[in-house]
Amino acid sequence: MDISCWVDAVVAALILTGSLFALIGSIGLWKLPDFFMRLHGPTKATTLGVGSLVIGSLVYFSSRGEGLSLHELLITIFLFITAPVSAHLLAKAAMHQRVRRIDKTKGRPWPQ
Amino acid sequence: MLENVILICLGIMSAAAILNMMRLLRGPDLPDRILALDTLYINAIALIILLGLYLASDLFFEAALLLAVMGFVGTVAVAKHLMRGDIIE
């Protein structure tokens, strides 16, 4: 077996996993019934999926003989840092706006 | 082999972007729309990275990094505007 075949297999597995995680996050954004539930899908599944996809691209571009290319890792690190911050701000904005929620969502910051 | 996998992944990410677009158009409240726009930014980053893999070009990562920064700043600005009615106080 050639080494590039194994690299291709690793890259294919990583980007397929990442795309499926991102699709799961978007399905959660579309299907879940409540804003506070919908917040979970994109902020966890989509971030993890894009991180896996970027790591697959890092493996691919590192295997092309031009040395280790680590600057793709900046995107992953930036996304992993900023996703909780934006989710926290969105949850605070939703609580401030008093968006509607279903009864199964726990915690009652305001009477409804 | 890898080209076909990249094409399949481009299809999957396009389906995810269509789902986000439906939530963006439908979303009952404003935070739903902001969340859908943020997710659409992240899916656009994934699509750009997949396009860079497909064309085997190293030039797309600056665009992806710039899009990540712009998406974060935009989301934070609109969320602060919803919370306070003002962005910089």
# chains A, B, ... in the order shown; residues from 1 in each chain; ligands from 1

call {"tool": "closest_atom_pairs", "arguments": {"of": "chain B", "to": "chain A", "cutoff": "7 Å", "atoms": "only C-alpha atoms", "output": "JSON lines"}}
result
{"residue": "B:Leu2", "atom": "CA", "partner": "A:Ala12", "partner_atom": "CA", "distance": 6.2}
{"residue": "B:Val5", "atom": "CA", "partner": "A:Ala12", "partner_atom": "CA", "distance": 6.2}
{"residue": "B:Cys9", "atom": "CA", "partner": "A:Ser19", "partner_atom": "CA", "distance": 5.8}
{"residue": "B:Ile12", "atom": "CA", "partner": "A:Ser19", "partner_atom": "CA", "distance": 6.3}
{"residue": "B:Met13", "atom": "CA", "partner": "A:Ser19", "partner_atom": "CA", "distance": 6.1}
{"residue": "B:Ala16", "atom": "CA", "partner": "A:Leu23", "partner_atom": "CA", "distance": 4.9}
{"residue": "B:Leu19", "atom": "CA", "partner": "A:Ser26", "partner_atom": "CA", "distance": 6.1}
{"residue": "B:Asn20", "atom": "CA", "partner": "A:Ser26", "partner_atom": "CA", "distance": 6.1}
{"residue": "B:Arg23", "atom": "CA", "partner": "A:Trp30", "partner_atom": "CA", "distance": 5.9}
{"residue": "B:Asp29", "atom": "CA", "partner": "A:Val99", "partner_atom": "CA", "distance": 6.7}
{"residue": "B:Pro31", "atom": "CA", "partner": "A:Ala94", "partner_atom": "CA", "distance": 5.9}
{"residue": "B:Asp32", "atom": "CA", "partner": "A:Phe35", "partner_atom": "CA", "distance": 6.5}
{"residue": "B:Thr39", "atom": "CA", "partner": "A:Pro42", "partner_atom": "CA", "distance": 6.0}
{"residue": "B:Ala46", "atom": "CA", "partner": "A:Val50", "partner_atom": "CA", "distance": 5.9}
{"residue": "B:Leu53", "atom": "CA", "partner": "A:Ser57", "partner_atom": "CA", "distance": 6.6}
{"residue": "B:Phe61", "atom": "CA", "partner": "A:Glu72", "partner_atom": "CA", "distance": 6.6}
{"residue": "B:Leu65", "atom": "CA", "partner": "A:Ile75", "partner_atom": "CA", "distance": 5.6}
{"residue": "B:Phe72", "atom": "CA", "partner": "A:Thr82", "partner_atom": "CA", "distance": 6.7}
{"residue": "B:Thr75", "atom": "CA", "partner": "A:Ser86", "partner_atom": "CA", "distance": 6.6}
{"residue": "B:Val76", "atom": "CA", "partner": "A:Ser86", "partner_atom": "CA", "distance": 6.0}
{"residue": "B:Ala79", "atom": "CA", "partner": "A:Leu90", "partner_atom": "CA", "distance": 5.8}
{"residue": "B:Leu82", "atom": "CA", "partner": "A:Ala93", "partner_atom": "CA", "distance": 5.9}
{"residue": "B:Met83", "atom": "CA", "partner": "A:Ala93", "partner_atom": "CA", "distance": 4.9}

call {"tool": "write_last_selection", "arguments": {"atoms": "N, CA and C atoms", "output": "short mmCIF file (atom, residue, chain, number, x, y, z; two decimals), in the first residue's frame"}}
result
data_model
loop_
_atom_site.label_atom_id
_atom_site.label_comp_id
_atom_site.auth_asym_id
_atom_site.auth_seq_id
_atom_site.Cartn_x
_atom_site.Cartn_y
_atom_site.Cartn_z
N LEU B 2 -10.66 10.59 -3.38
CA LEU B 2 -10.87 11.77 -2.53
C LEU B 2 -11.76 12.81 -3.19
N VAL B 5 -15.36 11.93 -2.54
CA VAL B 5 -15.73 12.19 -1.15
C VAL B 5 -15.92 13.68 -0.92
N CYS B 9 -19.24 15.58 0.35
CA CYS B 9 -19.24 16.49 1.50
C CYS B 9 -19.77 17.87 1.12
N ILE B 12 -23.46 17.54 1.24
CA ILE B 12 -23.97 17.51 2.61
C ILE B 12 -23.97 18.91 3.22
N MET B 13 -22.87 19.66 2.99
CA MET B 13 -22.81 21.01 3.55
C MET B 13 -23.83 21.92 2.88
N ALA B 16 -27.04 21.31 4.61
CA ALA B 16 -27.04 21.98 5.92
C ALA B 16 -27.29 23.47 5.75
N LEU B 19 -30.94 24.06 5.15
CA LEU B 19 -31.71 23.99 6.40
C LEU B 19 -31.55 25.28 7.20
N ASN B 20 -30.31 25.82 7.26
CA ASN B 20 -30.12 27.08 7.97
C ASN B 20 -30.89 28.21 7.32
N ARG B 23 -34.46 28.08 8.32
CA ARG B 23 -34.68 28.61 9.67
C ARG B 23 -34.53 30.13 9.67
N ASP B 29 -38.59 34.32 16.07
CA ASP B 29 -38.11 35.50 16.80
C ASP B 29 -36.78 35.97 16.21
N PRO B 31 -33.75 36.34 17.84
CA PRO B 31 -32.57 35.53 18.15
C PRO B 31 -32.46 34.27 17.30
N ASP B 32 -33.58 33.70 16.86
CA ASP B 32 -33.52 32.57 15.93
C ASP B 32 -32.83 32.95 14.63
N THR B 39 -24.80 30.36 12.14
CA THR B 39 -24.55 29.00 11.63
C THR B 39 -24.27 29.01 10.14
N ALA B 46 -16.95 26.19 6.18
CA ALA B 46 -16.75 24.78 5.81
C ALA B 46 -16.78 24.61 4.30
N LEU B 53 -9.92 22.36 -0.71
CA LEU B 53 -9.45 20.98 -0.84
C LEU B 53 -9.68 20.46 -2.25
N PHE B 61 -7.55 29.79 2.73
CA PHE B 61 -7.64 29.79 4.18
C PHE B 61 -7.71 31.19 4.74
N LEU B 65 -10.55 32.35 7.34
CA LEU B 65 -10.24 32.99 8.62
C LEU B 65 -10.92 34.34 8.74
N PHE B 72 -18.10 36.28 13.81
CA PHE B 72 -18.13 36.47 15.26
C PHE B 72 -18.46 37.91 15.61
N THR B 75 -22.17 38.66 14.86
CA THR B 75 -23.09 38.05 15.82
C THR B 75 -23.07 38.78 17.15
N VAL B 76 -21.86 39.11 17.63
CA VAL B 76 -21.76 39.81 18.92
C VAL B 76 -22.40 41.19 18.83
N ALA B 79 -26.25 40.78 18.74
CA ALA B 79 -26.77 40.33 20.02
C ALA B 79 -26.70 41.44 21.06
N LEU B 82 -29.51 43.75 20.42
CA LEU B 82 -30.79 43.26 20.93
C LEU B 82 -30.87 43.42 22.44
N MET B 83 -29.73 43.23 23.13
CA MET B 83 -29.78 43.29 24.59
C MET B 83 -29.93 44.70 25.11
#

call {"tool": "select_by_dssp", "arguments": {"residues": "chain A", "states": "helix (DSSP H, G or I)", "output": "VMD selection string"}}
result
chain A and resid 3 to 31 35 to 38 40 to 62 73 to 97

call {"tool": "write_last_selection", "arguments": {"atoms": "C-alpha atoms", "output": "PDB file, in the first residue's frame"}}
result
ATOM      1  CA  ILE A   3       1.408   6.108   1.848  1.00  0.00           C
ATOM      2  CA  SER A   4      -0.657   8.644  -0.101  1.00  0.00           C
ATOM      3  CA  CYS A   5      -3.547   6.191  -0.235  1.00  0.00           C
ATOM      4  CA  TRP A   6      -3.607   6.070   3.575  1.00  0.00           C
ATOM      5  CA  VAL A   7      -3.421   9.860   3.774  1.00  0.00           C
ATOM      6  CA  ASP A   8      -6.359  10.079   1.368  1.00  0.00           C
ATOM      7  CA  ALA A   9      -8.335   7.634   3.502  1.00  0.00           C
ATOM      8  CA  VAL A  10      -7.653   9.617   6.685  1.00  0.00           C
ATOM      9  CA  VAL A  11      -8.606  12.915   5.000  1.00  0.00           C
ATOM     10  CA  ALA A  12     -11.790  11.370   3.555  1.00  0.00           C
ATOM     11  CA  ALA A  13     -12.824  10.012   6.965  1.00  0.00           C
ATOM     12  CA  LEU A  14     -12.160  13.351   8.683  1.00  0.00           C
ATOM     13  CA  ILE A  15     -14.045  15.523   6.205  1.00  0.00           C
ATOM     14  CA  LEU A  16     -16.956  13.073   5.983  1.00  0.00           C
ATOM     15  CA  THR A  17     -17.265  13.039   9.785  1.00  0.00           C
ATOM     16  CA  GLY A  18     -17.089  16.817   9.905  1.00  0.00           C
ATOM     17  CA  SER A  19     -19.749  17.286   7.238  1.00  0.00           C
ATOM     18  CA  LEU A  20     -22.077  14.836   8.942  1.00  0.00           C
ATOM     19  CA  PHE A  21     -21.656  16.636  12.280  1.00  0.00           C
ATOM     20  CA  ALA A  22     -22.421  19.964  10.617  1.00  0.00           C
ATOM     21  CA  LEU A  23     -25.498  18.452   8.973  1.00  0.00           C
ATOM     22  CA  ILE A  24     -26.651  17.113  12.358  1.00  0.00           C
ATOM     23  CA  GLY A  25     -26.250  20.584  13.839  1.00  0.00           C
ATOM     24  CA  SER A  26     -28.322  22.131  11.075  1.00  0.00           C
ATOM     25  CA  ILE A  27     -31.005  19.458  11.412  1.00  0.00           C
ATOM     26  CA  GLY A  28     -31.137  20.328  15.106  1.00  0.00           C
ATOM     27  CA  LEU A  29     -31.473  24.009  14.223  1.00  0.00           C
ATOM     28  CA  TRP A  30     -34.371  23.172  11.933  1.00  0.00           C
ATOM     29  CA  LYS A  31     -36.228  20.526  13.941  1.00  0.00           C
ATOM     30  CA  PHE A  35     -34.979  28.643  20.855  1.00  0.00           C
ATOM     31  CA  PHE A  36     -33.101  27.460  23.943  1.00  0.00           C
ATOM     32  CA  MET A  37     -33.043  23.938  22.503  1.00  0.00           C
ATOM     33  CA  ARG A  38     -32.130  25.162  19.029  1.00  0.00           C
ATOM     34  CA  HIS A  40     -27.525  23.569  21.288  1.00  0.00           C
ATOM     35  CA  GLY A  41     -27.292  22.245  17.748  1.00  0.00           C
ATOM     36  CA  PRO A  42     -25.140  24.839  15.969  1.00  0.00           C
ATOM     37  CA  THR A  43     -22.967  25.786  18.914  1.00  0.00           C
ATOM     38  CA  LYS A  44     -21.802  22.251  19.634  1.00  0.00           C
ATOM     39  CA  ALA A  45     -22.278  19.962  16.660  1.00  0.00           C
ATOM     40  CA  THR A  46     -21.483  22.447  13.908  1.00  0.00           C
ATOM     41  CA  THR A  47     -18.387  23.776  15.670  1.00  0.00           C
ATOM     42  CA  LEU A  48     -17.062  20.256  16.203  1.00  0.00           C
ATOM     43  CA  GLY A  49     -17.823  19.367  12.585  1.00  0.00           C
ATOM     44  CA  VAL A  50     -16.004  22.361  11.138  1.00  0.00           C
ATOM     45  CA  GLY A  51     -13.085  21.672  13.477  1.00  0.00           C
ATOM     46  CA  SER A  52     -12.823  18.105  12.185  1.00  0.00           C
ATOM     47  CA  LEU A  53     -13.048  19.335   8.595  1.00  0.00           C
ATOM     48  CA  VAL A  54     -10.261  21.856   9.098  1.00  0.00           C
ATOM     49  CA  ILE A  55      -8.068  19.169  10.657  1.00  0.00           C
ATOM     50  CA  GLY A  56      -8.705  16.985   7.602  1.00  0.00           C
ATOM     51  CA  SER A  57      -7.600  19.823   5.358  1.00  0.00           C
ATOM     52  CA  LEU A  58      -4.507  20.306   7.555  1.00  0.00           C
ATOM     53  CA  VAL A  59      -3.571  16.640   7.093  1.00  0.00           C
ATOM     54  CA  TYR A  60      -4.085  16.936   3.332  1.00  0.00           C
ATOM     55  CA  PHE A  61      -1.967  20.047   2.872  1.00  0.00           C
ATOM     56  CA  SER A  62       0.727  18.754   5.239  1.00  0.00           C
ATOM     57  CA  LEU A  73      -5.362  25.338  12.892  1.00  0.00           C
ATOM     58  CA  LEU A  74      -5.998  29.049  13.534  1.00  0.00           C
ATOM     59  CA  ILE A  75      -9.533  28.674  12.176  1.00  0.00           C
ATOM     60  CA  THR A  76     -10.282  25.753  14.491  1.00  0.00           C
ATOM     61  CA  ILE A  77      -8.872  27.531  17.536  1.00  0.00           C
ATOM     62  CA  PHE A  78     -10.750  30.731  16.720  1.00  0.00           C
ATOM     63  CA  LEU A  79     -14.049  28.882  16.232  1.00  0.00           C
ATOM     64  CA  PHE A  80     -13.613  26.901  19.437  1.00  0.00           C
ATOM     65  CA  ILE A  81     -12.918  30.104  21.380  1.00  0.00           C
ATOM     66  CA  THR A  82     -15.691  32.235  19.905  1.00  0.00           C
ATOM     67  CA  ALA A  83     -18.577  29.742  19.696  1.00  0.00           C
ATOM     68  CA  PRO A  84     -19.329  29.716  23.470  1.00  0.00           C
ATOM     69  CA  VAL A  85     -19.075  33.512  23.634  1.00  0.00           C
ATOM     70  CA  SER A  86     -21.581  34.095  20.855  1.00  0.00           C
ATOM     71  CA  ALA A  87     -23.900  31.386  22.259  1.00  0.00           C
ATOM     72  CA  HIS A  88     -23.807  33.045  25.672  1.00  0.00           C
ATOM     73  CA  LEU A  89     -24.593  36.448  24.177  1.00  0.00           C
ATOM     74  CA  LEU A  90     -27.432  34.984  22.097  1.00  0.00           C
ATOM     75  CA  ALA A  91     -28.931  33.276  25.164  1.00  0.00           C
ATOM     76  CA  LYS A  92     -28.753  36.542  27.108  1.00  0.00           C
ATOM     77  CA  ALA A  93     -30.384  38.409  24.233  1.00  0.00           C
ATOM     78  CA  ALA A  94     -33.134  35.780  24.027  1.00  0.00           C
ATOM     79  CA  MET A  95     -33.788  36.017  27.767  1.00  0.00           C
ATOM     80  CA  HIS A  96     -33.916  39.779  27.457  1.00  0.00           C
ATOM     81  CA  GLN A  97     -36.384  39.532  24.564  1.00  0.00           C
TER      82      GLN A  97
END

call {"tool": "atom_distance", "arguments": {"atom1": "CA of Gly52 (chain B)", "atom2": "CA of Val69 (chain B)"}}
result
18.6 Å

call {"tool": "atom_distance", "arguments": {"atom1": "CA of Met1 (chain B)", "atom2": "CA of Tyr41 (chain B)"}}
result
28.4 Å

call {"tool": "atom_distance", "arguments": {"atom1": "CA of Arg33 (chain B)", "atom2": "CA of Met70 (chain B)"}}
result
16.8 Å
